[in-house]
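Structure file run.csv with CSV, C-alpha atoms and all ligand atoms:
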chain,number,residue,atom,x,y,z
K,19,MET,CA,-26.4,-16.8,-11.0
K,20,ILE,CA,-22.8,-15.7,-10.6
K,21,LYS,CA,-22.8,-12.8,-8.2
K,22,ASP,CA,-19.1,-12.2,-7.9
K,23,LYS,CA,-17.6,-11.4,-11.3
K,24,ARG,CA,-14.2,-12.3,-9.9
K,25,SER,CA,-15.1,-16.0,-9.7
K,26,TYR,CA,-14.7,-16.5,-13.4
K,27,ALA,CA,-12.1,-13.9,-14.0
K,28,LEU,CA,-9.5,-15.3,-11.6
K,29,SER,CA,-7.8,-17.5,-14.1
K,30,GLU,CA,-6.6,-14.6,-16.3
K,31,LEU,CA,-3.3,-12.9,-15.5
K,32,ALA,CA,-3.5,-9.1,-15.7
K,33,ILE,CA,0.1,-8.6,-14.9
K,34,GLU,CA,3.0,-11.1,-15.1
K,35,ALA,CA,6.4,-9.8,-14.3
K,36,LYS,CA,9.5,-12.0,-14.5
K,37,GLY,CA,12.9,-10.8,-13.2
K,38,LEU,CA,11.9,-7.1,-13.3
K,39,VAL,CA,15.0,-4.9,-12.7
K,40,LYS,CA,15.6,-1.1,-12.4
K,41,GLU,CA,19.1,0.1,-12.1
K,42,ILE,CA,20.0,3.7,-11.2
K,43,ALA,CA,23.6,4.8,-11.0
K,44,GLY,CA,24.7,1.2,-10.6
K,45,ASN,CA,22.2,0.4,-7.8
K,46,ARG,CA,19.5,-2.1,-8.3
K,47,ILE,CA,16.5,-0.2,-7.1
K,48,VAL,CA,14.2,-3.0,-8.2
K,49,ASP,CA,16.0,-6.3,-8.1
K,50,ASP,CA,14.6,-9.4,-9.8
K,51,VAL,CA,10.9,-8.9,-9.0
K,52,ASN,CA,8.4,-11.6,-10.1
K,53,LEU,CA,4.7,-10.9,-9.9
K,54,ARG,CA,1.6,-12.8,-11.0
K,55,ILE,CA,-1.5,-10.7,-10.6
K,56,PHE,CA,-4.8,-12.1,-11.5
K,57,LYS,CA,-7.5,-10.1,-13.2
K,58,GLY,CA,-10.2,-8.6,-10.9
K,59,THR,CA,-8.1,-8.7,-7.8
K,60,VAL,CA,-6.5,-6.1,-5.5
K,61,TYR,CA,-2.8,-6.7,-5.2
K,62,GLY,CA,-1.1,-5.0,-2.2
K,63,PHE,CA,2.5,-3.9,-2.6
K,64,LEU,CA,4.0,-3.1,0.8
K,65,GLY,CA,7.4,-1.9,1.8
K,66,PRO,CA,9.2,0.7,3.9
K,67,ASN,CA,10.3,4.1,2.5
K,68,GLY,CA,12.7,3.7,-0.4
K,69,ALA,CA,11.9,0.0,-0.9
K,70,GLY,CA,11.2,0.5,-4.6
K,71,LYS,CA,7.3,0.6,-4.7
K,72,THR,CA,7.0,3.8,-6.8
K,73,THR,CA,9.8,2.7,-9.1
K,74,THR,CA,7.9,-0.6,-9.7
K,75,VAL,CA,4.6,1.2,-10.3
K,76,ARG,CA,6.3,3.6,-12.8
K,77,MET,CA,7.8,0.7,-14.7
K,78,LEU,CA,4.6,-1.3,-14.8
K,79,SER,CA,2.6,1.7,-16.0
K,80,THR,CA,5.1,2.4,-18.8
K,81,LEU,CA,6.4,5.7,-17.3
K,82,LEU,CA,9.9,4.4,-16.7
K,83,PRO,CA,11.8,2.0,-19.0
K,84,ILE,CA,12.7,-1.4,-17.5
K,85,ASP,CA,16.3,-2.4,-17.3
K,86,GLY,CA,15.8,-6.1,-17.1
K,87,GLY,CA,13.2,-8.9,-17.1
K,88,THR,CA,9.9,-9.0,-18.9
K,89,VAL,CA,6.4,-7.8,-18.1
K,90,ALA,CA,3.2,-8.9,-19.8
K,91,VAL,CA,0.0,-6.9,-19.3
K,92,PHE,CA,-2.9,-8.9,-20.4
K,93,GLY,CA,-0.5,-10.8,-22.6
K,94,ASN,CA,1.0,-7.6,-24.2
K,95,ASP,CA,4.7,-7.1,-23.8
K,96,LEU,CA,5.3,-3.9,-21.8
K,97,ALA,CA,8.6,-3.0,-23.6
K,98,SER,CA,7.5,-3.6,-27.2
K,99,GLU,CA,3.8,-2.9,-27.0
K,100,PRO,CA,3.5,0.1,-24.6
K,101,LYS,CA,0.6,1.6,-26.5
K,102,GLU,CA,-1.5,-1.5,-26.1
K,103,VAL,CA,-0.6,-1.5,-22.4
K,104,ARG,CA,-1.5,2.1,-21.9
K,105,LYS,CA,-5.0,1.6,-23.4
K,106,ARG,CA,-5.8,-0.7,-20.5
K,107,ILE,CA,-4.3,1.1,-17.5
K,108,SER,CA,-4.6,4.2,-15.4
K,109,LEU,CA,-2.5,5.6,-12.6
K,110,ALA,CA,-2.9,7.9,-9.6
K,111,GLY,CA,0.7,8.5,-8.6
K,112,GLN,CA,2.1,9.2,-5.2
K,113,TYR,CA,2.1,12.9,-5.8
K,114,ALA,CA,-1.1,14.3,-7.4
K,115,ALA,CA,-0.7,15.4,-11.0
K,116,LEU,CA,-3.1,18.3,-11.3
K,117,ASP,CA,-3.3,21.7,-12.9
K,118,GLU,CA,-3.0,24.0,-9.9
K,119,ASP,CA,-4.7,26.9,-11.7
K,120,LEU,CA,-7.8,25.0,-12.7
K,121,THR,CA,-10.6,24.1,-10.3
K,122,GLY,CA,-11.2,20.5,-9.3
K,123,ILE,CA,-14.1,20.1,-11.7
K,124,GLU,CA,-12.1,21.7,-14.6
K,125,ASN,CA,-9.3,19.2,-14.0
K,126,ILE,CA,-11.6,16.2,-14.2
K,127,ILE,CA,-13.3,17.7,-17.3
K,128,MET,CA,-10.0,18.2,-18.9
K,129,ILE,CA,-9.0,14.6,-18.4
K,130,ALA,CA,-12.4,13.4,-19.7
K,131,ARG,CA,-12.0,15.6,-22.8
K,132,LEU,CA,-8.5,14.2,-23.4
K,133,LEU,CA,-10.1,10.7,-23.2
K,134,GLY,CA,-12.4,11.7,-26.0
K,135,TYR,CA,-15.6,12.6,-24.1
K,136,SER,CA,-17.7,15.5,-25.5
K,137,GLN,CA,-18.0,18.6,-23.3
K,138,SER,CA,-21.4,17.6,-22.0
K,139,GLN,CA,-20.4,14.0,-21.3
K,140,ALA,CA,-17.2,15.2,-19.6
K,141,LYS,CA,-19.2,17.5,-17.3
K,142,LYS,CA,-21.6,14.8,-16.5
K,143,ARG,CA,-18.9,12.3,-15.7
K,144,ALA,CA,-17.0,14.9,-13.6
K,145,GLU,CA,-20.1,15.7,-11.6
K,146,THR,CA,-20.8,12.0,-10.9
K,147,LEU,CA,-17.2,11.4,-9.7
K,148,LEU,CA,-17.1,14.5,-7.6
K,149,ARG,CA,-20.4,13.5,-5.9
K,150,VAL,CA,-18.9,10.0,-5.2
K,151,PHE,CA,-15.9,11.6,-3.5
K,152,GLY,CA,-18.0,14.2,-1.6
K,153,MET,CA,-16.2,17.0,-3.4
K,154,GLU,CA,-19.1,18.9,-5.0
K,155,GLU,CA,-18.5,22.1,-3.2
K,156,ALA,CA,-14.7,22.1,-3.2
K,157,ALA,CA,-14.7,21.3,-6.9
K,158,LYS,CA,-15.5,24.9,-7.7
K,159,ARG,CA,-12.3,26.2,-6.2
K,160,GLN,CA,-8.8,26.3,-7.7
K,161,VAL,CA,-6.6,23.2,-6.9
K,162,LYS,CA,-3.8,25.5,-5.5
K,163,ASN,CA,-6.1,26.2,-2.6
K,164,TYR,CA,-6.8,22.6,-1.8
K,165,SER,CA,-5.6,20.6,1.2
K,166,GLY,CA,-3.4,17.5,0.6
K,167,GLY,CA,-6.4,15.2,1.1
K,168,MET,CA,-8.6,17.1,-1.4
K,169,ARG,CA,-5.8,17.0,-4.0
K,170,ARG,CA,-5.5,13.3,-3.5
K,171,ARG,CA,-9.2,12.6,-3.9
K,172,ILE,CA,-9.4,14.7,-7.1
K,173,ASP,CA,-6.4,12.9,-8.5
K,174,ILE,CA,-7.9,9.5,-7.8
K,175,ALA,CA,-11.2,10.7,-9.3
K,176,GLY,CA,-9.3,11.7,-12.4
K,177,SER,CA,-7.7,8.3,-12.7
K,178,ILE,CA,-11.1,6.6,-13.0
K,179,VAL,CA,-12.8,8.9,-15.4
K,180,SER,CA,-12.7,6.0,-17.8
K,181,ILE,CA,-12.8,2.8,-15.8
K,182,PRO,CA,-9.5,1.1,-16.6
K,183,ASP,CA,-8.8,-2.7,-16.7
K,184,ILE,CA,-5.8,-2.1,-14.4
K,185,LEU,CA,-5.6,0.8,-11.9
K,186,PHE,CA,-2.3,1.7,-10.3
K,187,LEU,CA,-2.7,3.5,-7.0
K,188,ASP,CA,0.5,4.6,-5.3
K,189,GLU,CA,-0.3,5.2,-1.7
K,190,PRO,CA,-3.8,6.5,-2.4
K,191,THR,CA,-4.8,7.1,1.2
K,192,THR,CA,-1.6,8.7,2.6
K,193,GLY,CA,-2.7,11.9,4.3
K,194,LEU,CA,-6.4,11.3,4.1
K,195,ASP,CA,-8.7,11.6,7.1
K,196,PRO,CA,-10.6,8.4,8.1
K,197,GLU,CA,-13.8,9.4,6.3
K,198,SER,CA,-12.0,10.2,3.0
K,199,ARG,CA,-9.9,7.0,3.4
K,200,ASN,CA,-13.1,5.0,3.7
K,201,GLN,CA,-14.5,6.5,0.5
K,202,VAL,CA,-11.3,5.5,-1.3
K,203,TRP,CA,-11.5,2.0,0.1
K,204,GLN,CA,-15.1,1.6,-1.0
K,205,MET,CA,-14.2,2.9,-4.4
K,206,ILE,CA,-11.4,0.4,-4.7
K,207,ARG,CA,-13.7,-2.5,-3.6
K,208,SER,CA,-16.4,-1.6,-6.1
K,209,LEU,CA,-14.0,-1.2,-8.9
K,210,ARG,CA,-12.5,-4.6,-8.1
K,211,ASP,CA,-16.0,-6.2,-7.9
K,212,ALA,CA,-16.8,-4.8,-11.3
K,213,GLY,CA,-13.6,-6.5,-12.7
K,214,THR,CA,-10.8,-3.9,-12.5
K,215,THR,CA,-7.5,-5.1,-11.3
K,216,VAL,CA,-6.0,-2.8,-8.7
K,217,PHE,CA,-2.3,-2.5,-8.0
K,218,LEU,CA,-2.1,-0.8,-4.6
K,219,THR,CA,1.0,0.4,-2.9
K,220,THR,CA,0.5,1.3,0.8
K,221,GLN,CA,2.3,1.8,4.0
K,222,TYR,CA,-0.8,1.0,5.9
K,223,LEU,CA,-1.0,-2.6,6.8
K,224,GLU,CA,-4.6,-2.3,7.9
K,225,GLU,CA,-5.4,-1.1,4.4
K,226,ALA,CA,-3.7,-4.1,2.7
K,227,ASP,CA,-5.3,-6.5,5.2
K,228,TYR,CA,-8.7,-5.1,4.4
K,229,LEU,CA,-8.4,-4.6,0.7
K,230,ALA,CA,-5.8,-6.9,-0.9
K,231,ASP,CA,-6.5,-10.4,-2.2
K,232,ARG,CA,-2.7,-11.0,-2.3
K,233,ILE,CA,0.2,-9.0,-0.8
K,234,ALA,CA,3.9,-8.7,-1.7
K,235,ILE,CA,6.3,-7.3,0.8
K,236,ILE,CA,9.2,-5.5,-0.9
K,237,LYS,CA,12.5,-4.5,0.8
K,238,LYS,CA,15.5,-2.9,-0.9
K,239,GLY,CA,14.1,-3.7,-4.3
K,240,LYS,CA,13.4,-7.4,-3.6
K,241,VAL,CA,10.1,-9.2,-2.8
K,242,ILE,CA,10.8,-10.9,0.5
K,243,ALA,CA,7.4,-12.4,1.1
K,244,GLU,CA,4.2,-13.0,-0.9
K,245,GLY,CA,0.8,-14.4,-0.2
K,246,THR,CA,-2.6,-13.7,1.2
K,247,SER,CA,-2.8,-11.8,4.4
K,248,SER,CA,-3.5,-15.1,6.3
K,249,GLU,CA,-0.6,-16.9,4.6
K,250,LEU,CA,1.8,-14.1,5.6
K,251,LYS,CA,0.5,-14.2,9.2
K,252,ALA,CA,0.9,-17.9,9.4
K,253,SER,CA,4.4,-17.7,7.8
K,254,LEU,CA,5.9,-16.4,11.1
K,255,LYS,CA,4.9,-19.8,12.6
K,256,MET,CA,5.6,-18.5,16.1
K,257,GLY,CA,3.1,-16.7,18.3
K,258,VAL,CA,3.6,-13.1,19.4
K,259,LEU,CA,3.8,-12.0,23.0
K,260,ARG,CA,2.9,-8.4,23.3
K,261,ILE,CA,3.8,-6.6,26.5
K,262,ARG,CA,2.6,-3.1,27.3
K,263,PHE,CA,4.4,-1.3,30.1
K,264,ALA,CA,3.3,1.3,32.5
K,265,ASP,CA,5.9,3.8,31.3
K,266,TRP,CA,9.2,4.1,29.4
K,267,GLU,CA,11.3,3.3,32.4
K,268,GLU,CA,9.6,0.0,33.0
K,269,ARG,CA,10.0,-0.9,29.4
K,270,HIS,CA,13.7,-0.1,29.6
K,271,LYS,CA,14.0,-2.4,32.6
K,272,ALA,CA,12.3,-5.2,30.7
K,273,ILE,CA,14.7,-4.9,27.8
K,274,LYS,CA,17.6,-5.6,30.2
K,275,ILE,CA,15.9,-8.6,31.7
K,276,LEU,CA,14.5,-10.3,28.6
K,277,ALA,CA,16.5,-10.7,25.4
K,278,PRO,CA,16.1,-7.8,23.0
K,279,ALA,CA,12.7,-7.7,21.4
K,280,VAL,CA,12.5,-9.3,18.0
K,281,SER,CA,10.6,-6.3,16.7
K,282,GLU,CA,9.5,-3.1,18.2
K,283,ASN,CA,6.1,-2.0,17.1
K,284,SER,CA,5.1,1.5,16.5
K,285,ASN,CA,3.7,1.8,20.1
K,286,PRO,CA,6.6,3.2,22.2
K,287,LEU,CA,5.3,1.6,25.4
K,288,GLU,CA,5.1,-2.0,23.9
K,289,LEU,CA,7.6,-4.8,23.2
K,290,LEU,CA,6.9,-7.8,21.0
K,291,TYR,CA,8.5,-11.2,21.3
K,292,GLU,CA,8.2,-14.2,19.1
K,293,VAL,CA,7.6,-17.1,21.3
K,294,SER,CA,6.9,-20.7,20.4
K,295,ASP,CA,3.9,-21.3,22.8
K,296,TYR,CA,1.8,-20.0,25.7
K,297,THR,CA,4.1,-21.6,28.3
K,298,THR,CA,7.2,-19.8,27.1
K,299,ALA,CA,5.2,-16.6,27.0
K,300,MET,CA,4.2,-17.0,30.6
K,301,GLU,CA,7.8,-17.8,31.6
K,302,GLU,CA,8.9,-14.5,30.1
K,303,ILE,CA,6.1,-12.6,32.0
K,304,ARG,CA,7.2,-14.4,35.3
K,305,LYS,CA,10.8,-13.1,34.8
K,306,LEU,CA,9.4,-9.6,34.7
K,307,GLU,CA,7.2,-10.2,37.7
K,308,LYS,CA,10.1,-11.5,39.7
K,309,GLU,CA,12.0,-8.3,39.0
K,310,LYS,CA,8.9,-6.2,39.8
K,311,VAL,CA,8.7,-4.6,36.3
K,312,GLY,CA,5.5,-2.6,35.9
K,313,VAL,CA,3.6,-4.5,33.2
K,314,HIS,CA,0.4,-2.8,32.2
K,315,GLU,CA,-1.0,-5.6,30.1
K,316,PHE,CA,0.2,-8.5,27.9
K,317,SER,CA,-1.3,-10.9,25.4
K,318,TYR,CA,-0.2,-13.9,23.4
K,319,GLY,CA,-1.6,-14.6,19.9
K,320,GLN,CA,-1.3,-14.7,16.2
K,321,PRO,CA,0.8,-11.9,14.8
K,322,SER,CA,-1.0,-9.0,13.1
K,323,LEU,CA,0.0,-8.1,9.5
K,324,ASP,CA,1.7,-5.1,11.1
K,325,GLU,CA,4.0,-7.4,13.1
K,326,VAL,CA,4.7,-9.7,10.1
K,327,PHE,CA,5.7,-6.6,8.2
K,328,LEU,CA,7.9,-5.2,11.0
K,329,GLN,CA,9.5,-8.6,11.5
K,330,LEU,CA,10.2,-9.1,7.8
K,331,THR,CA,11.5,-5.6,7.1
K,332,SER,CA,13.1,-5.3,10.6
K,333,TYR,CA,12.2,-1.7,11.2
K,334,SER,CA,15.2,-1.0,13.5
K,335,GLU,CA,17.5,-1.6,10.6
K,336,SER,CA,17.8,1.7,8.9
K,337,SER,CA,15.3,2.4,6.2
K,338,TYR,CA,16.2,6.0,6.5
K,339,GLN,CA,19.6,5.8,4.9
K,340,ASP,CA,18.1,6.0,1.4
K,341,GLN,CA,19.7,8.1,-1.2
K,342,PRO,CA,18.0,11.4,-1.9
K,343,LYS,CA,15.3,10.8,-4.5
K,344,GLU,CA,13.8,12.6,-7.3
K,345,ARG,CA,10.2,13.6,-6.4
K,346,ALA,CA,9.3,13.7,-10.1
K,347,ASN,CA,6.0,11.8,-10.3
N,1,LIG,N1,15.7,9.0,-10.2
N,1,LIG,C1,16.3,8.5,-9.1
N,1,LIG,N2,17.6,8.7,-8.9
N,1,LIG,C2,18.3,8.1,-7.9
N,1,LIG,N3,17.7,7.3,-7.0
N,1,LIG,C3,16.4,7.0,-7.1
N,1,LIG,C4,15.7,7.6,-8.2
N,1,LIG,N4,14.4,7.2,-8.1
N,1,LIG,C5,14.4,6.4,-7.0
N,1,LIG,N5,15.6,6.3,-6.4
N,1,LIG,C6,15.9,5.5,-5.3
N,1,LIG,O1,15.3,4.3,-5.4
N,1,LIG,C7,14.9,3.8,-4.1
N,1,LIG,C8,13.4,3.4,-4.3
N,1,LIG,O2,12.6,4.5,-4.5
N,1,LIG,P1,11.0,4.5,-4.6
N,1,LIG,O3,10.6,5.9,-4.8
N,1,LIG,O4,10.7,3.5,-5.6
N,1,LIG,O5,10.7,3.9,-3.1
N,1,LIG,P2,9.2,3.7,-2.5
N,1,LIG,O6,9.1,2.3,-2.0
N,1,LIG,O7,8.2,4.2,-3.4
N,1,LIG,O8,9.3,4.7,-1.2
N,1,LIG,P3,8.2,5.6,-0.5
N,1,LIG,O9,7.5,4.8,0.5
N,1,LIG,O10,9.1,6.6,0.3
N,1,LIG,O11,7.4,6.3,-1.5
N,1,LIG,C9,15.2,4.9,-3.1
N,1,LIG,O12,16.4,4.5,-2.5
N,1,LIG,C10,15.3,6.1,-4.0
N,1,LIG,O13,16.2,7.0,-3.4
N,2,MG,MG,6.7,5.7,-3.3
Translate the structure described by the file into structure tokens.
Ligand SMILES: Nc1ncnc2c1ncn2[C@@H]1O[C@H](COP(=O)(O)OP(=O)(O)OP(=O)(O)O)[C@@H](O)[C@H]1O
Ligand SMILES: [Mg+2]
Amino acid sequence: MIKDKRSYALSELAIEAKGLVKEIAGNRIVDDVNLRIFKGTVYGFLGPNGAGKTTTVRMLSTLLPIDGGTVAVFGNDLASEPKEVRKRISLAGQYAALDEDLTGIENIIMIARLLGYSQSQAKKRAETLLRVFGMEEAAKRQVKNYSGGMRRRIDIAGSIVSIPDILFLDEPTTGLDPESRNQVWQMIRSLRDAGTTVFLTTQYLEEADYLADRIAIIKKGKVIAEGTSSELKASLKMGVLRIRFADWEERHKAIKILAPAVSENSNPLELLYEVSDYTTAMEEIRKLEKEKVGVHEFSYGQPSLDEVFLQLTSYSESSYQDQPKERAN
């Protein structure tokens, strides 16, 4: 008996993009992106702010015209057969698209009615989804009084009223507390296991590591790395020496002694170095010891996906110099 439906679905391409381009005011926001996404998988699309994730999602989901390249969604051409494509997809955008004056349950019922459900079927479906997302109580209140996390969950619930063949989720867990994030993760896994293809953008590496079958890393509109999480980690080839300092001052001293860190991770007391082997790692530590730098702890090992990401997108280089963007979706 085949337990995992994915095992026989993996050969079919859900999305195939070749040379995808979006140009805005002469800038290539999405620049020659190629994607091969198999049916029944979760595809993680990672990138720093302004990398082009939302723009890509909006093109793939027919909301934004493409300026170059071709996209096939289950063999249907995105540009010439958008209606066919729309029948098979659903989207929860980066910013929740809800009617603020309606309650949570009314929003879901409205979506279900638009999809052709009868009033009683729509109510039943809404109740089921709200139960899954732990929103039964909150669902009776107007959306304008919701917290960001509640909005997000109602929006995601709305995107799966009718289970789509492809679900686009643009940063679905940004701003969610750990419990709500877990609910969304479980929902994504069960949809995937039932055959839905999920295109997931995220800034959380842990999320991509946990959920995604394959991951693409995008920077300034270009895919700069692609593979499974393990392939991406192995691609750095080197090991990572992580050094944690007693305080800022000690870290500052270390920067002067050792070469500048290859990447700084999000922990302000740490430094990361790519080193070829354990012996080199120890040599670096001894240099610090000799100068009496207060090292709190250190380790040498395989890079985490976080470190691969920081290395590839080199965080220190400004990703904050983006042009102002339209927050339209
Ligand atoms: N309508 C627009 N007009 C001008 N520039 C735009 C427009 N839409 C997007 N951009 C620019 O395109 C780039 C990519 O934007 P996009 O929203 O796709 O990034 P993102 O990867 O989703 O970022 P974030 O992580 O912040 O959501 C940014 O530099 C943005 O300023
Ligand atoms: Mg975005």
Compute the set of protein, DNA and RNA residues whose minimum atom distance to ligand LIG 1 (chain N) is at most 12 Å, using all atoms listed in the file, and state it as a compact mmCIF listing (two decimals) with C-alpha atoms, keeping the file's coordinate frame.
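As written to disk, selection.txt reads:
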# COMPACT_ATOMS: atom_id res chain seq x y z
CA VAL K 39 15.00 -4.90 -12.70
CA LYS K 40 15.60 -1.10 -12.40
CA GLU K 41 19.10 0.10 -12.10
CA ILE K 42 20.00 3.70 -11.20
CA ALA K 43 23.60 4.80 -11.00
CA GLY K 44 24.70 1.20 -10.60
CA ASN K 45 22.20 0.40 -7.80
CA ARG K 46 19.50 -2.10 -8.30
CA ILE K 47 16.50 -0.20 -7.10
CA VAL K 48 14.20 -3.00 -8.20
CA ASP K 49 16.00 -6.30 -8.10
CA PHE K 63 2.50 -3.90 -2.60
CA LEU K 64 4.00 -3.10 0.80
CA GLY K 65 7.40 -1.90 1.80
CA PRO K 66 9.20 0.70 3.90
CA ASN K 67 10.30 4.10 2.50
CA GLY K 68 12.70 3.70 -0.40
CA ALA K 69 11.90 0.00 -0.90
CA GLY K 70 11.20 0.50 -4.60
CA LYS K 71 7.30 0.60 -4.70
CA THR K 72 7.00 3.80 -6.80
CA THR K 73 9.80 2.70 -9.10
CA THR K 74 7.90 -0.60 -9.70
CA VAL K 75 4.60 1.20 -10.30
CA ARG K 76 6.30 3.60 -12.80
CA MET K 77 7.80 0.70 -14.70
CA LEU K 82 9.90 4.40 -16.70
CA PRO K 83 11.80 2.00 -19.00
CA GLY K 111 0.70 8.50 -8.60
CA GLN K 112 2.10 9.20 -5.20
CA TYR K 113 2.10 12.90 -5.80
CA LEU K 187 -2.70 3.50 -7.00
CA ASP K 188 0.50 4.60 -5.30
CA GLU K 189 -0.30 5.20 -1.70
CA PRO K 190 -3.80 6.50 -2.40
CA THR K 192 -1.60 8.70 2.60
CA LEU K 218 -2.10 -0.80 -4.60
CA THR K 219 1.00 0.40 -2.90
CA THR K 220 0.50 1.30 0.80
CA GLN K 221 2.30 1.80 4.00
CA TYR K 222 -0.80 1.00 5.90
CA ILE K 235 6.30 -7.30 0.80
CA ILE K 236 9.20 -5.50 -0.90
CA LYS K 237 12.50 -4.50 0.80
CA LYS K 238 15.50 -2.90 -0.90
CA GLY K 239 14.10 -3.70 -4.30
CA LYS K 240 13.40 -7.40 -3.60
CA VAL K 241 10.10 -9.20 -2.80
CA SER K 336 17.80 1.70 8.90
CA SER K 337 15.30 2.40 6.20
CA TYR K 338 16.20 6.00 6.50
CA GLN K 339 19.60 5.80 4.90
CA ASP K 340 18.10 6.00 1.40
CA GLN K 341 19.70 8.10 -1.20
CA PRO K 342 18.00 11.40 -1.90
CA LYS K 343 15.30 10.80 -4.50
CA GLU K 344 13.80 12.60 -7.30
CA ARG K 345 10.20 13.60 -6.40
CA ALA K 346 9.30 13.70 -10.10
CA ASN K 347 6.00 11.80 -10.30
(message) Residues near Arg269 of chain K, anyone? I mean within 9 Å using only C-alpha atoms, not counting same-chain ones fewer than 5 positions away, as a list in words.
(response) Ile261, Arg262, Phe263, Ala264, Lys274, Pro286, Leu287, Glu288, Leu289, Val311, Gly312 and Val313 of chain K
(request) Place a sphere of radius 10 Å on (-5.2, 3.0, -22.7) in the file coordinates and name every protein, DNA or RNA residue with an atom inside or on its surface, counting all atoms listed in the file; give the answer as a list in words. (result)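 In the file's frame, the residues around the point are Pro100, Lys101, Glu102, Val103, Arg104, Lys105, Arg106, Ile107, Ser108, Leu133, Ser180, Pro182, Asp183 and Ile184 of chain K.
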(request) Find the residues near Lys162 of chain K: any atom within 12 Å, counting only C-alpha atoms, skip ones fewer than 5 places away on the same chain, and give them as number ranges by chain. (result) K: 114-122, 125, 156-157, 168-169
(request) For each of K:Leu185, K:Leu306, K:Ala110, K:Ala234, take the minimum atom-to-atom distance to ligand MG 2 (chain N), counting only C-alpha atoms and all ligand atoms, then give the residue where this is smallest. (result)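 Checking each of K:Leu185, K:Leu306, K:Ala110, K:Ala234 against ligand MG 2 (chain N), counting only C-alpha atoms and all ligand atoms, the winner is K:Ala110.
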(request) Quick one: residues within 10 Å of (-13.1, 18.6, -16.8) (file frame), counting only C-alpha atoms, please, as a PyMOL selection string. (result) chain K and resi 120-132+135+137-145+176+179
(message) as JSON, numbers by chain, please: the residues near Met256 of chain K (cut-off 8 Å, all atoms listed in the file, same-chain neighbours under 5 positions excluded).
(response) {"K": [292, 293, 294, 295, 320]}
(message) I'd like to know which of K:Glu154, K:Glu307, K:Glu244, K:Glu30 is closest to Gly93 of chain K, using all atoms listed in the file.
(response) K:Glu30
(request) One decimal, Å: what's the distance from atom CA of Gly193 of chain K over to atom CA of Asp173 of chain K, could you say? (result) 13.4 Å
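You will find atom CA of Leu290 of chain K at 4.7 Å from atom CA of Arg260 of chain K.
The shortest atom-to-atom distance to Gly37 of chain K, with only C-alpha atoms taken into account, belongs to K:Gly86 out of K:Gly86, K:Arg54, K:Gly166, K:Leu78.
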(request) Skip Leu38 of chain K itself and residues of its chain fewer than 3 positions away, then list as a PyMOL selection string all residues within 6 Å of it, counting only C-alpha atoms. (result) chain K and resi 50-51+86-87
Could you model N, CA and C atoms for segment 34-46 of chain K and present them as a PDB file, in the frame of the given file?
ATOM      1  N   GLU K  34       1.995 -10.040 -15.456  1.00  0.00           N
ATOM      2  CA  GLU K  34       3.000 -11.100 -15.100  1.00  0.00           C
ATOM      3  C   GLU K  34       4.366 -10.472 -15.341  1.00  0.00           C
ATOM      4  N   ALA K  35       5.089 -10.304 -14.233  1.00  0.00           N
ATOM      5  CA  ALA K  35       6.400  -9.800 -14.300  1.00  0.00           C
ATOM      6  C   ALA K  35       7.428 -10.855 -13.982  1.00  0.00           C
ATOM      7  N   LYS K  36       8.474 -10.954 -14.816  1.00  0.00           N
ATOM      8  CA  LYS K  36       9.500 -12.000 -14.500  1.00  0.00           C
ATOM      9  C   LYS K  36      10.862 -11.262 -14.490  1.00  0.00           C
ATOM     10  N   GLY K  37      11.507 -11.359 -13.345  1.00  0.00           N
ATOM     11  CA  GLY K  37      12.900 -10.800 -13.200  1.00  0.00           C
ATOM     12  C   GLY K  37      12.976  -9.321 -13.457  1.00  0.00           C
ATOM     13  N   LEU K  38      11.975  -8.573 -13.022  1.00  0.00           N
ATOM     14  CA  LEU K  38      11.900  -7.100 -13.300  1.00  0.00           C
ATOM     15  C   LEU K  38      13.096  -6.413 -12.547  1.00  0.00           C
ATOM     16  N   VAL K  39      13.798  -5.568 -13.294  1.00  0.00           N
ATOM     17  CA  VAL K  39      15.000  -4.900 -12.700  1.00  0.00           C
ATOM     18  C   VAL K  39      14.922  -3.387 -13.091  1.00  0.00           C
ATOM     19  N   LYS K  40      15.294  -2.533 -12.128  1.00  0.00           N
ATOM     20  CA  LYS K  40      15.600  -1.100 -12.400  1.00  0.00           C
ATOM     21  C   LYS K  40      16.907  -0.796 -11.782  1.00  0.00           C
ATOM     22  N   GLU K  41      17.795  -0.243 -12.590  1.00  0.00           N
ATOM     23  CA  GLU K  41      19.100   0.100 -12.100  1.00  0.00           C
ATOM     24  C   GLU K  41      19.295   1.618 -12.219  1.00  0.00           C
ATOM     25  N   ILE K  42      19.663   2.265 -11.118  1.00  0.00           N
ATOM     26  CA  ILE K  42      20.000   3.700 -11.200  1.00  0.00           C
ATOM     27  C   ILE K  42      21.359   3.903 -10.615  1.00  0.00           C
ATOM     28  N   ALA K  43      22.204   4.521 -11.386  1.00  0.00           N
ATOM     29  CA  ALA K  43      23.600   4.800 -11.000  1.00  0.00           C
ATOM     30  C   ALA K  43      24.254   3.552 -10.351  1.00  0.00           C
ATOM     31  N   GLY K  44      24.097   2.437 -11.024  1.00  0.00           N
ATOM     32  CA  GLY K  44      24.700   1.200 -10.600  1.00  0.00           C
ATOM     33  C   GLY K  44      24.030   0.489  -9.425  1.00  0.00           C
ATOM     34  N   ASN K  45      22.952   1.097  -8.889  1.00  0.00           N
ATOM     35  CA  ASN K  45      22.200   0.400  -7.800  1.00  0.00           C
ATOM     36  C   ASN K  45      20.959  -0.234  -8.350  1.00  0.00           C
ATOM     37  N   ARG K  46      20.720  -1.452  -7.855  1.00  0.00           N
ATOM     38  CA  ARG K  46      19.500  -2.100  -8.300  1.00  0.00           C
ATOM     39  C   ARG K  46      18.350  -1.685  -7.367  1.00  0.00           C
TER      40      ARG K  46
END
